[in-house]
>>> print(open('input.txt').read())   # compact mmCIF, C-alpha atoms
# COMPACT_ATOMS: atom_id res chain seq x y z
CA MET A 15 -72.66 125.67 119.84
CA LEU A 16 -70.95 124.48 123.03
CA SER A 17 -67.48 124.62 121.53
CA GLY A 18 -68.22 128.09 120.18
CA SER A 19 -69.23 129.29 123.65
CA LEU A 20 -66.00 127.98 125.14
CA SER A 21 -63.71 129.59 122.58
CA PRO A 22 -63.61 133.01 124.33
CA VAL A 23 -62.64 131.21 127.55
CA ARG A 24 -59.82 129.45 125.71
CA GLU A 25 -58.66 132.76 124.28
CA CYS A 26 -58.35 134.42 127.73
CA PRO A 27 -55.13 132.61 128.78
CA LYS A 28 -53.58 133.37 125.40
CA ARG A 29 -54.44 137.06 125.72
CA SER A 30 -53.03 137.15 129.27
CA VAL A 31 -49.79 135.54 128.14
CA LYS A 32 -49.53 137.97 125.24
CA MET A 33 -50.10 140.94 127.56
CA ILE A 34 -47.43 139.67 129.96
CA ASP A 35 -44.98 139.18 127.10
CA THR A 36 -45.69 142.69 125.82
CA LEU A 37 -45.23 144.18 129.28
CA TYR A 38 -41.99 142.23 129.74
CA GLU A 39 -40.63 143.46 126.43
CA TRP A 40 -41.56 147.04 127.31
CA VAL A 41 -40.01 146.91 130.79
CA TRP A 42 -36.78 145.49 129.42
CA TRP A 43 -36.68 147.62 126.29
CA ASP A 44 -32.98 148.25 125.69
CA ARG A 45 -33.63 151.88 124.69
CA ILE A 46 -34.72 152.53 128.29
CA TRP A 47 -31.85 150.95 130.18
CA LEU A 48 -28.88 150.95 127.80
CA PRO A 49 -26.99 153.65 125.88
CA VAL A 50 -27.84 154.23 122.25
CA ASN A 51 -26.73 151.57 119.72
CA LEU A 52 -26.46 148.90 122.43
CA THR A 53 -28.82 145.98 123.08
CA TRP A 54 -29.08 143.21 125.66
CA ALA A 55 -27.47 140.91 123.11
CA ASP A 56 -24.26 142.91 123.57
CA LEU A 57 -24.20 141.83 127.24
CA GLU A 58 -24.37 138.10 126.60
CA ASP A 59 -21.40 136.07 127.86
CA ARG A 60 -18.81 135.54 125.15
CA ASP A 61 -15.07 135.53 124.53
CA GLY A 62 -14.31 134.91 128.21
CA ARG A 63 -16.36 137.89 129.33
CA VAL A 64 -19.06 137.37 131.96
CA TYR A 65 -21.78 139.95 132.54
CA ALA A 66 -24.25 140.49 135.38
CA LYS A 67 -27.78 139.27 134.63
CA ALA A 68 -31.14 139.92 136.24
CA SER A 69 -31.55 136.16 136.77
CA HIS A 70 -28.63 136.27 139.21
CA LEU A 71 -30.79 138.28 141.61
CA TYR A 72 -33.13 135.33 142.24
CA VAL A 73 -30.72 134.07 144.88
CA ILE A 74 -31.22 137.20 147.01
CA ALA A 75 -34.47 136.02 148.62
CA PRO A 76 -33.11 132.65 149.87
CA TYR A 77 -29.85 134.35 150.89
CA ALA A 78 -31.83 136.93 152.86
CA VAL A 79 -33.62 134.14 154.71
CA ALA A 80 -30.23 132.52 155.33
CA PHE A 81 -29.03 135.83 156.82
CA LEU A 82 -31.99 135.78 159.21
CA LEU A 83 -31.09 132.26 160.34
CA VAL A 84 -27.44 133.19 160.80
CA ARG A 85 -28.50 136.29 162.72
CA TYR A 86 -30.74 134.23 165.00
CA CYS A 87 -27.88 131.89 165.85
CA PHE A 88 -25.39 134.74 166.22
CA GLU A 89 -27.57 136.72 168.60
CA ARG A 90 -28.18 133.75 170.88
CA LEU A 91 -24.85 131.93 170.73
CA ILE A 92 -22.46 134.89 170.54
CA ALA A 93 -24.13 138.24 171.26
CA THR A 94 -26.06 137.12 174.35
CA PRO A 95 -23.04 135.54 176.13
CA LEU A 96 -20.98 138.60 175.18
CA ALA A 97 -23.60 140.88 176.71
CA ALA A 98 -23.58 138.79 179.90
CA SER A 99 -19.79 139.02 180.14
CA LEU A 100 -20.08 142.82 179.88
CA GLY A 101 -22.68 142.92 182.61
CA ILE A 102 -25.57 143.87 180.33
CA LYS A 103 -28.83 142.63 181.77
CA GLU A 104 -32.48 143.15 181.00
CA LYS A 105 -34.25 145.52 183.31
CA ALA A 106 -37.08 144.00 185.28
CA ARG A 107 -40.29 145.78 184.37
CA LEU A 108 -43.59 145.80 186.17
CA GLY A 109 -46.20 144.24 183.92
CA ALA A 110 -49.58 145.84 183.38
CA GLU A 111 -52.47 144.29 185.24
CA GLU A 112 -54.88 142.22 183.20
CA ASN A 113 -57.76 144.32 181.91
CA ARG A 114 -59.58 143.20 178.78
CA ILE A 115 -61.20 146.58 178.11
CA LEU A 116 -57.94 148.50 178.21
CA GLU A 117 -56.03 145.79 176.34
CA LEU A 118 -58.56 145.78 173.51
CA TYR A 119 -58.40 149.56 173.25
CA TYR A 120 -54.60 149.48 173.33
CA LEU A 121 -54.40 146.96 170.47
CA SER A 122 -57.22 148.26 168.28
CA HIS A 123 -57.18 152.03 168.76
CA THR A 124 -54.12 153.77 170.19
CA LYS A 125 -51.28 153.26 172.62
CA ASN A 126 -51.40 156.91 173.69
CA PRO A 127 -55.00 157.87 174.50
CA GLY A 128 -55.90 161.50 175.13
CA GLN A 129 -57.36 162.77 178.36
CA ALA A 130 -60.96 162.52 177.11
CA GLU A 131 -60.36 158.90 176.04
CA ILE A 132 -58.78 158.09 179.38
CA ASP A 133 -61.83 159.51 181.17
CA GLY A 134 -64.11 157.31 179.06
CA LEU A 135 -62.01 154.21 179.65
CA SER A 136 -62.02 154.97 183.37
CA LYS A 137 -65.81 154.79 183.41
CA LYS A 138 -65.95 151.64 181.26
CA SER A 139 -63.36 149.75 183.31
CA SER A 140 -64.48 151.07 186.71
CA TRP A 141 -60.92 152.17 187.37
CA SER A 142 -59.79 155.59 188.44
CA VAL A 143 -58.20 157.90 185.87
CA ARG A 144 -54.90 157.51 187.70
CA GLN A 145 -55.05 153.71 187.40
CA VAL A 146 -55.83 153.89 183.67
CA GLU A 147 -52.91 156.26 183.09
CA ARG A 148 -50.59 153.98 185.03
CA TRP A 149 -51.81 150.91 183.10
CA PHE A 150 -51.06 152.52 179.72
CA ARG A 151 -47.59 153.55 180.87
CA LYS A 152 -46.77 150.03 182.00
CA ARG A 153 -48.29 148.50 178.88
CA ARG A 154 -46.27 150.75 176.57
CA ASN A 155 -43.10 149.94 178.46
CA GLN A 156 -43.78 146.22 178.04
CA ASP A 157 -43.59 146.69 174.27
CA ARG A 158 -40.39 148.72 174.34
CA PRO A 159 -37.28 146.69 173.54
CA GLY A 160 -34.83 146.12 176.38
CA VAL A 161 -31.15 146.90 176.32
CA LEU A 162 -30.23 143.26 175.68
CA LYS A 163 -32.31 143.17 172.48
CA LYS A 164 -30.69 146.38 171.30
CA PHE A 165 -27.22 145.07 172.10
CA ARG A 166 -27.82 141.88 170.11
CA GLU A 167 -29.19 143.81 167.13
CA ALA A 168 -26.27 146.27 167.17
CA SER A 169 -23.78 143.39 167.49
CA TRP A 170 -25.16 141.69 164.39
CA ARG A 171 -25.07 144.88 162.34
CA PHE A 172 -21.57 145.73 163.56
CA VAL A 173 -20.20 142.33 162.52
CA PHE A 174 -21.79 142.51 159.07
CA TYR A 175 -20.74 146.09 158.35
CA LEU A 176 -17.20 145.40 159.53
CA LEU A 177 -16.83 142.30 157.35
CA SER A 178 -18.54 144.03 154.43
CA PHE A 179 -16.25 147.05 154.68
CA ILE A 180 -13.14 144.87 154.87
CA GLY A 181 -14.39 142.80 151.94
CA GLY A 182 -15.09 145.96 149.94
CA VAL A 183 -11.58 147.31 150.52
CA VAL A 184 -10.06 143.95 149.52
CA ALA A 185 -12.18 143.90 146.35
CA LEU A 186 -11.38 147.49 145.34
CA TYR A 187 -7.90 148.43 146.57
CA ASP A 188 -6.18 147.27 143.35
CA LYS A 189 -8.75 148.72 140.92
CA GLU A 190 -8.06 151.91 138.94
CA TRP A 191 -11.54 153.33 139.54
CA PHE A 192 -10.96 153.20 143.30
CA TYR A 193 -8.42 156.01 142.89
CA ASP A 194 -9.74 157.73 139.77
CA THR A 195 -13.51 157.73 139.25
CA ARG A 196 -13.10 158.57 135.57
CA GLU A 197 -11.96 154.96 135.13
CA VAL A 198 -15.48 153.77 136.02
CA TRP A 199 -16.78 154.43 132.50
CA PRO A 200 -14.29 153.32 129.81
CA GLY A 201 -15.87 150.39 127.97
CA PHE A 202 -19.22 150.74 129.73
CA PRO A 203 -21.42 148.73 129.73
CA LYS A 204 -19.21 145.99 128.26
CA GLN A 205 -17.27 145.51 131.50
CA SER A 206 -16.76 141.92 132.59
CA LEU A 207 -18.12 140.93 136.00
CA LEU A 208 -15.49 139.98 138.56
CA GLU A 209 -16.08 137.27 141.15
CA SER A 210 -15.32 139.70 143.99
CA GLN A 211 -17.94 142.10 142.61
CA TYR A 212 -20.49 139.31 142.38
CA TRP A 213 -20.21 138.30 146.01
CA TYR A 214 -19.92 141.88 147.28
CA TYR A 215 -23.17 142.79 145.54
CA ILE A 216 -25.15 139.64 146.31
CA LEU A 217 -24.26 139.56 150.00
CA GLU A 218 -24.93 143.27 150.46
CA MET A 219 -28.31 143.06 148.74
CA SER A 220 -29.23 139.92 150.66
CA PHE A 221 -28.42 141.70 153.93
CA TYR A 222 -30.66 144.64 153.07
CA GLY A 223 -33.33 142.17 152.02
CA SER A 224 -33.08 140.54 155.45
CA LEU A 225 -33.51 143.99 157.06
CA LEU A 226 -36.79 144.39 155.18
CA PHE A 227 -37.92 140.94 156.33
CA SER A 228 -37.02 141.71 159.95
CA VAL A 229 -38.41 145.24 160.06
CA THR A 230 -41.48 144.09 161.98
CA PHE A 231 -39.50 142.81 164.97
CA ASP A 232 -36.44 145.07 164.90
CA VAL A 233 -36.21 148.11 167.17
CA LYS A 234 -38.43 150.85 165.70
CA ARG A 235 -37.49 154.52 165.71
CA LYS A 236 -39.13 157.81 164.79
CA ASP A 237 -37.48 157.60 161.38
CA PHE A 238 -39.08 154.22 160.69
CA LYS A 239 -40.61 155.43 157.40
CA GLU A 240 -37.29 156.89 156.30
CA GLN A 241 -35.64 153.55 157.05
CA ILE A 242 -38.15 151.72 154.87
CA ILE A 243 -37.64 154.24 152.07
CA HIS A 244 -33.89 153.83 152.45
CA HIS A 245 -33.97 150.01 152.29
CA LEU A 246 -36.25 150.06 149.23
CA ALA A 247 -34.19 152.76 147.51
CA THR A 248 -30.99 150.86 148.24
CA LEU A 249 -32.33 147.57 146.89
CA THR A 250 -33.77 149.31 143.82
CA LEU A 251 -30.52 151.15 143.20
CA LEU A 252 -28.37 148.05 143.61
CA SER A 253 -30.71 145.91 141.48
CA PHE A 254 -30.77 148.45 138.68
CA SER A 255 -27.00 149.01 138.77
CA TRP A 256 -26.54 145.24 138.64
CA CYS A 257 -28.83 144.71 135.65
CA VAL A 258 -27.32 147.48 133.52
CA ASN A 259 -23.74 146.89 134.67
CA TYR A 260 -23.25 150.01 136.81
CA ILE A 261 -21.31 147.70 139.08
CA ARG A 262 -18.08 149.65 139.39
CA ILE A 263 -19.77 152.76 140.76
CA GLY A 264 -22.12 150.55 142.80
CA THR A 265 -19.24 149.01 144.73
CA LEU A 266 -17.88 152.48 145.55
CA VAL A 267 -21.29 153.58 146.86
CA MET A 268 -21.56 150.52 149.10
CA LEU A 269 -18.06 150.99 150.48
CA ILE A 270 -18.53 154.58 151.65
CA HIS A 271 -21.83 153.63 153.31
CA ASP A 272 -20.32 150.77 155.27
CA ALA A 273 -17.46 152.96 156.54
CA SER A 274 -19.58 155.06 158.92
CA ASP A 275 -22.03 152.26 159.81
CA VAL A 276 -19.24 150.28 161.47
CA LEU A 277 -18.41 153.20 163.77
CA LEU A 278 -22.01 153.89 164.78
CA GLU A 279 -22.77 150.29 165.68
CA SER A 280 -19.53 149.96 167.66
CA ALA A 281 -20.35 153.17 169.56
CA LYS A 282 -23.75 151.78 170.49
CA LEU A 283 -22.20 148.55 171.73
CA PHE A 284 -19.86 150.42 174.06
CA ASN A 285 -22.74 152.56 175.25
CA TYR A 286 -24.82 149.53 176.22
CA ALA A 287 -21.78 148.26 178.12
CA LYS A 288 -21.57 151.72 179.82
CA TRP A 289 -18.08 152.46 178.47
CA GLU A 290 -19.04 156.09 178.15
CA LYS A 291 -15.70 157.68 177.20
CA THR A 292 -15.04 155.08 174.50
CA CYS A 293 -18.56 155.49 173.18
CA ASN A 294 -18.32 159.28 173.05
CA SER A 295 -14.99 159.11 171.23
CA LEU A 296 -16.37 156.67 168.68
CA PHE A 297 -19.45 158.80 168.13
CA VAL A 298 -17.32 161.87 167.40
CA VAL A 299 -15.29 159.84 164.89
CA PHE A 300 -18.52 158.48 163.41
CA ALA A 301 -19.99 161.97 163.01
CA VAL A 302 -16.87 163.18 161.20
CA VAL A 303 -16.70 160.11 158.94
CA PHE A 304 -20.43 160.35 158.22
CA MET A 305 -20.20 164.00 157.17
CA VAL A 306 -17.12 163.39 155.02
CA THR A 307 -18.36 160.22 153.27
CA ARG A 308 -22.07 161.01 152.94
CA LEU A 309 -22.08 164.78 152.43
CA ILE A 310 -18.75 165.34 150.66
CA ILE A 311 -17.44 162.20 148.94
CA PHE A 312 -20.88 160.87 147.98
CA PRO A 313 -22.23 164.00 146.22
CA PHE A 314 -19.03 165.65 145.01
CA TRP A 315 -17.18 162.54 143.89
CA LEU A 316 -19.64 159.72 143.26
CA ILE A 317 -22.75 161.59 142.08
CA HIS A 318 -20.47 163.87 140.07
CA CYS A 319 -18.95 160.72 138.59
CA THR A 320 -22.37 159.37 137.52
CA TRP A 321 -23.75 162.75 136.40
CA VAL A 322 -20.85 164.25 134.43
CA TYR A 323 -18.38 161.62 133.24
CA PRO A 324 -20.85 159.29 131.43
CA LEU A 325 -21.68 162.09 129.00
CA ASP A 326 -18.12 161.85 127.67
CA HIS A 327 -18.94 158.33 126.41
CA TYR A 328 -22.63 158.34 125.38
CA PRO A 329 -25.67 160.64 125.27
CA PRO A 330 -28.06 160.59 128.26
CA PHE A 331 -30.85 158.01 128.32
CA PHE A 332 -33.60 157.01 130.76
CA GLY A 333 -31.39 154.66 132.78
CA TYR A 334 -28.87 157.46 133.23
CA TYR A 335 -31.52 159.75 134.74
CA PHE A 336 -33.10 156.97 136.81
CA PHE A 337 -29.80 155.99 138.42
CA ASN A 338 -28.93 159.56 139.31
CA VAL A 339 -32.38 160.24 140.76
CA MET A 340 -32.01 157.23 143.07
CA LEU A 341 -28.61 158.52 144.20
CA VAL A 342 -30.15 161.92 144.94
CA ILE A 343 -32.86 160.24 147.06
CA LEU A 344 -30.11 158.61 149.10
CA LEU A 345 -28.39 161.98 149.42
CA LEU A 346 -31.58 163.57 150.78
CA LEU A 347 -31.79 160.82 153.39
CA HIS A 348 -28.16 161.49 154.30
CA ILE A 349 -28.98 165.16 154.81
CA PHE A 350 -31.93 164.23 157.04
CA TRP A 351 -29.78 161.98 159.23
CA ALA A 352 -26.93 164.51 159.26
CA TYR A 353 -29.42 167.05 160.62
CA LEU A 354 -30.33 164.70 163.46
CA ILE A 355 -26.67 164.02 164.23
CA LEU A 356 -25.88 167.73 164.36
CA ARG A 357 -28.83 168.31 166.70
CA MET A 358 -27.44 165.62 168.99
CA VAL A 359 -24.01 167.22 168.98
CA LYS A 360 -25.46 170.70 169.53
CA LYS A 361 -27.50 169.61 172.53
CA PHE A 362 -24.51 167.78 173.94
CA LEU A 363 -22.25 170.83 173.61
CA PHE A 364 -24.78 173.25 175.09
CA GLY A 365 -25.75 170.95 177.94
CA ASN A 366 -29.42 170.23 177.24
CA LEU A 367 -29.21 166.79 175.68
CA THR A 368 -31.70 164.52 177.42
CA ARG A 369 -32.77 161.99 174.82
CA ASP A 370 -32.21 160.60 171.36
CA GLU A 371 -33.69 162.70 168.55
CA ARG A 372 -34.90 159.49 166.92
CA SER A 373 -36.04 157.54 169.97
CA ASP A 374 -38.71 157.60 172.63
CA ASN A 375 -37.75 157.72 176.29
CA GLU A 376 -38.90 154.86 178.42
CA GLU A 377 -41.70 156.12 180.65
CA GLU A 378 -41.74 155.93 184.41
CA ASP A 379 -43.37 152.66 185.37
CA GLU A 380 -42.12 152.10 188.90
CA GLU A 381 -44.25 154.41 190.99
CA ASP A 382 -46.12 154.04 194.22
CA GLU A 383 -49.38 152.17 194.14
CA GLY A 384 -51.17 155.13 195.72
CA GLU A 385 -53.25 157.57 193.75
CA THR A 386 -50.47 160.18 194.03
CA SER A 387 -46.72 159.93 194.18
CA SER A 388 -43.76 162.24 194.49
CA THR A 389 -40.24 162.29 193.22
CA GLN A 390 -37.36 160.74 195.08
CA ASP A 391 -36.21 164.09 196.46
CA GLY A 392 -39.67 165.07 197.60
CA GLY A 393 -40.42 167.34 194.64
CA GLN A 394 -43.84 167.40 193.04
CA GLU A 395 -44.48 165.17 190.07
CA HIS A 396 -45.14 166.90 186.75
CA LYS A 397 -47.74 165.19 184.64
CA VAL A 398 -48.15 165.70 180.92
CA GLY A 399 -50.85 164.47 178.58
CA ASN A 400 -51.64 160.86 177.60
CA GLY A 401 -50.67 159.47 180.97
CA LEU A 402 -46.99 160.42 180.62
CA VAL A 403 -45.05 161.34 183.71
CA MET A 404 -41.90 163.43 183.79
CA ASN A 405 -40.35 163.80 187.21
CA GLY A 406 -36.69 164.19 186.47
CA LYS A 407 -35.99 160.51 187.09
CA HIS A 408 -35.29 158.33 184.05
CA HIS A 409 -35.36 154.56 184.01
CA ASN A 410 -33.16 154.12 181.04
CA ASN A 411 -31.62 150.67 180.78
CA GLY A 412 -28.21 152.25 180.61
CA CYS A 413 -29.40 155.02 178.30
CA PHE A 414 -29.47 158.74 178.99
CA GLY A 415 -28.20 158.19 182.52
CA ARG A 416 -25.76 161.04 182.10
CA LEU A 417 -25.50 164.07 179.89
CA SER A 418 -23.43 162.53 177.10
CA LEU A 419 -23.33 161.51 173.48
CA ALA A 420 -23.28 157.95 174.74
CA GLY A 421 -26.78 158.32 176.11
CA ASN A 422 -27.93 160.05 172.97
CA ILE A 423 -27.11 157.21 170.60
CA CYS A 424 -28.09 154.41 172.95
CA GLN A 425 -31.37 153.70 171.20
CA SER A 426 -30.31 154.97 167.81
CA LYS A 427 -30.84 152.77 164.80
CA THR A 428 -28.22 152.44 162.11
CA VAL A 429 -27.81 155.63 160.09
CA TYR A 430 -27.14 154.55 156.55
>>> encode(input="input.txt", output="structure tokens")
Amino acid sequence: MLSGSLSPVRECPKRSVKMIDTLYEWVWWDRIWLPVNLTWADLEDRDGRVYAKASHLYVIAPYAVAFLLVRYCFERLIATPLAASLGIKEKARLGAEENRILELYYLSHTKNPGQAEIDGLSKKSSWSVRQVERWFRKRRNQDRPGVLKKFREASWRFVFYLLSFIGGVVALYDKEWFYDTREVWPGFPKQSLLESQYWYYILEMSFYGSLLFSVTFDVKRKDFKEQIIHHLATLTLLSFSWCVNYIRIGTLVMLIHDASDVLLESAKLFNYAKWEKTCNSLFVVFAVVFMVTRLIIFPFWLIHCTWVYPLDHYPPFFGYYFFNVMLVILLLLHIFWAYLILRMVKKFLFGNLTRDERSDNEEEDEEDEGETSSTQDGGQEHKVGNGLVMNGKHHNNGCFGRLSLAGNICQSKTVY
């Protein structure tokens, strides 16, 4: 009787294992990911040919952690001394006074309370409305990253993108498909994996993995959600292209993305150092390269290559549609960022550029301790909602100090 009652319990692990095996077989069903008449057995190493395998991707997680450690050392041992030599210093900010009621509300509810909420907090804390508004401004500014943090982050990205772009050119310059995208598909998917392709892929994916790990403490922008979508789409796209041997086209996609990233990060570095003319020149070059690589080469060469040419070799299958959909998602993100870049350029040309389209201005936090204050030239202060003050004076940590593209990209995050 006892053994009979335990038998269903013994059967549960077996059923779970069977369900997992069934799910695994379904997920990796060759009819989903490979062209007709091909199976995973066709991609097993033999006759001197080596193929990419999903098991190779296990190293990405530890490599991503290694990237974080290297970044930590780089930012403190190289980027920080470099910033000091360029005269980049953190701005001294006035800290918010200790107030448990306001701090609890700030952490648990909102960082930008409305006027009605400010009135209620004024009564609870026995502070005037003006004091509560000033406290929230100072508290928000405490959480905003300083120019030194942004310089270190941009330095790390610049170094990686530069080395990645150089490595990509070295890996591709002597390949036929670098000059003729039709050469991507002959023999697909039975195309042997090259050592240069292995390292280019693994290091690039590990870097994007490290960006996901560090997203909580990196500088956040208005397009934070788009950045998360981009990182996930990129990792999904690269992982899929690795597993089904879309590696040739994958390396081309990575290369054109790195080309413009190098220019943007370098422009930001010169902006933090207040080399305005150099920064503006680099930004113009970046905008041109971005439009050419992301909005011309990417859709009309690379997506055309993945959408049209494969049909000359095999009929469409699920993996074919999946890969192209992921490329289109990246293209939509490119269009979104191109729109922001064009808005920056438009405002710069027509003389009304005052802040980054993707960033928040730092709020005024150095005002008189009195209940009222005025601007430096004696003009009246203009107050807007949520305790924000706009009086024509910007404390900007080297950003937006003048009407320029340099100021506009100061707080900009990498546009991928």
>>> closest_residue(input="input.txt", among="A:Leu116, A:Leu217, A:Val359, A:Leu208", to="Val73 of chain A", atoms="only C-alpha atoms")
A:Leu217
>>> closest_residue(input="input.txt", among="A:Lys67, A:Arg85, A:His123, A:Lys189", to="Val258 of chain A", atoms="only C-alpha atoms")
A:Lys67
>>> atom_distance(input="input.txt", atom1="atom CA of Glu218 of chain A", atom2="atom CA of Ser178 of chain A")
7.6 Å
>>> atom_distance(input="input.txt", atom1="atom CA of Thr36 of chain A", atom2="atom CA of Ala68 of chain A")
18.1 Å
>>> residues_around(input="input.txt", residues="Phe88 of chain A", least_positions_apart="4", cutoff="12 Å", atoms="all atoms listed in the file", output="PyMOL selection string")
chain A and resi 81-84+92-96+166-174
>>> atom_distance(input="input.txt", atom1="atom CA of Val339 of chain A", atom2="atom CA of Val198 of chain A")
18.7 Å
>>> closest_residue(input="input.txt", among="A:Ala110, A:His348, A:Phe254, A:Lys164", to="Arg148 of chain A", atoms="all atoms listed in the file")
A:Ala110
>>> closest_residue(input="input.txt", among="A:Glu39, A:Ala78, A:Lys204, A:Asp272", to="Leu176 of chain A", atoms="all atoms listed in the file")
A:Asp272
>>> closest_residue(input="input.txt", among="A:Arg262, A:His244, A:Lys152, A:Lys360", to="Pro203 of chain A", atoms="all atoms listed in the file")
A:Arg262
>>> closest_residue(input="input.txt", among="A:Leu186, A:Leu100, A:Leu226, A:Leu277", to="Phe238 of chain A", atoms="only C-alpha atoms")
A:Leu226
>>> closest_atom_pairs(input="input.txt", of="segment 38-121 of chain A", to="segment 313-328 of chain A", cutoff="10 Å", atoms="only C-alpha atoms", output="JSON lines")
{"residue": "A:Leu48", "atom": "CA", "partner": "A:Tyr328", "partner_atom": "CA", "distance": 10.0}
{"residue": "A:Pro49", "atom": "CA", "partner": "A:Tyr328", "partner_atom": "CA", "distance": 6.4}
{"residue": "A:Val50", "atom": "CA", "partner": "A:Tyr328", "partner_atom": "CA", "distance": 7.3}
{"residue": "A:Asn51", "atom": "CA", "partner": "A:Tyr328", "partner_atom": "CA", "distance": 9.7}
>>> residues_near_point(input="input.txt", point="(-19.5, 160.1, 153.6)", cutoff="12 Å", atoms="only C-alpha atoms", output="ChimeraX atom specification")
/A:266-275,300-316,344-345,348-349,351-352,429-430
>>> residues_around(input="input.txt", residues="Phe337 of chain A", least_positions_apart="4", cutoff="7 Å", atoms="all atoms listed in the file", output="compact mmCIF listing (two decimals) with C-alpha atoms, keeping the file's coordinate frame")
# COMPACT_ATOMS: atom_id res chain seq x y z
CA LEU A 251 -30.52 151.15 143.20
CA GLY A 333 -31.39 154.66 132.78
CA LEU A 341 -28.61 158.52 144.20
>>> build_atoms(input="input.txt", residues="segment 137-142 of chain A", atoms="all heavy atoms", output="PDB file, keeping the file's coordinate frame")
ATOM      1  N   LYS A 137     -64.417 155.129 183.102  1.00  0.00           N
ATOM      2  CA  LYS A 137     -65.810 154.790 183.410  1.00  0.00           C
ATOM      3  C   LYS A 137     -66.135 153.364 182.969  1.00  0.00           C
ATOM      4  O   LYS A 137     -66.808 152.614 183.684  1.00  0.00           O
ATOM      5  CB  LYS A 137     -66.748 155.779 182.728  1.00  0.00           C
ATOM      6  CG  LYS A 137     -66.597 157.206 183.251  1.00  0.00           C
ATOM      7  CD  LYS A 137     -67.514 158.166 182.498  1.00  0.00           C
ATOM      8  CE  LYS A 137     -67.328 159.600 183.001  1.00  0.00           C
ATOM      9  NZ  LYS A 137     -68.184 160.550 182.245  1.00  0.00           N
ATOM     10  N   LYS A 138     -65.647 152.978 181.779  1.00  0.00           N
ATOM     11  CA  LYS A 138     -65.950 151.640 181.260  1.00  0.00           C
ATOM     12  C   LYS A 138     -65.299 150.543 182.107  1.00  0.00           C
ATOM     13  O   LYS A 138     -65.881 149.474 182.306  1.00  0.00           O
ATOM     14  CB  LYS A 138     -65.467 151.509 179.818  1.00  0.00           C
ATOM     15  CG  LYS A 138     -66.284 152.296 178.818  1.00  0.00           C
ATOM     16  CD  LYS A 138     -65.771 152.059 177.403  1.00  0.00           C
ATOM     17  CE  LYS A 138     -66.579 152.839 176.387  1.00  0.00           C
ATOM     18  NZ  LYS A 138     -66.090 152.605 174.996  1.00  0.00           N
ATOM     19  N   SER A 139     -64.086 150.781 182.576  1.00  0.00           N
ATOM     20  CA  SER A 139     -63.360 149.750 183.310  1.00  0.00           C
ATOM     21  C   SER A 139     -63.560 149.822 184.809  1.00  0.00           C
ATOM     22  O   SER A 139     -63.066 148.956 185.546  1.00  0.00           O
ATOM     23  CB  SER A 139     -61.864 149.867 183.002  1.00  0.00           C
ATOM     24  OG  SER A 139     -61.364 151.126 183.434  1.00  0.00           O
ATOM     25  N   SER A 140     -64.261 150.854 185.265  1.00  0.00           N
ATOM     26  CA  SER A 140     -64.480 151.070 186.710  1.00  0.00           C
ATOM     27  C   SER A 140     -63.170 151.277 187.453  1.00  0.00           C
ATOM     28  O   SER A 140     -63.048 150.932 188.628  1.00  0.00           O
ATOM     29  CB  SER A 140     -65.259 149.878 187.316  1.00  0.00           C
ATOM     30  OG  SER A 140     -66.512 149.738 186.704  1.00  0.00           O
ATOM     31  N   TRP A 141     -62.195 151.805 186.753  1.00  0.00           N
ATOM     32  CA  TRP A 141     -60.920 152.170 187.370  1.00  0.00           C
ATOM     33  C   TRP A 141     -60.840 153.683 187.448  1.00  0.00           C
ATOM     34  O   TRP A 141     -61.469 154.401 186.671  1.00  0.00           O
ATOM     35  CB  TRP A 141     -59.741 151.659 186.529  1.00  0.00           C
ATOM     36  CG  TRP A 141     -59.425 150.203 186.730  1.00  0.00           C
ATOM     37  CD1 TRP A 141     -60.194 149.267 187.354  1.00  0.00           C
ATOM     38  CD2 TRP A 141     -58.259 149.523 186.292  1.00  0.00           C
ATOM     39  NE1 TRP A 141     -59.597 148.043 187.326  1.00  0.00           N
ATOM     40  CE2 TRP A 141     -58.386 148.164 186.677  1.00  0.00           C
ATOM     41  CE3 TRP A 141     -57.120 149.906 185.599  1.00  0.00           C
ATOM     42  CZ2 TRP A 141     -57.420 147.210 186.414  1.00  0.00           C
ATOM     43  CZ3 TRP A 141     -56.144 148.957 185.325  1.00  0.00           C
ATOM     44  CH2 TRP A 141     -56.291 147.616 185.729  1.00  0.00           C
ATOM     45  N   SER A 142     -60.000 154.159 188.347  1.00  0.00           N
ATOM     46  CA  SER A 142     -59.790 155.590 188.440  1.00  0.00           C
ATOM     47  C   SER A 142     -58.949 156.051 187.243  1.00  0.00           C
ATOM     48  O   SER A 142     -58.267 155.255 186.584  1.00  0.00           O
ATOM     49  CB  SER A 142     -59.068 155.938 189.739  1.00  0.00           C
ATOM     50  OG  SER A 142     -57.738 155.433 189.723  1.00  0.00           O
TER      51      SER A 142
END
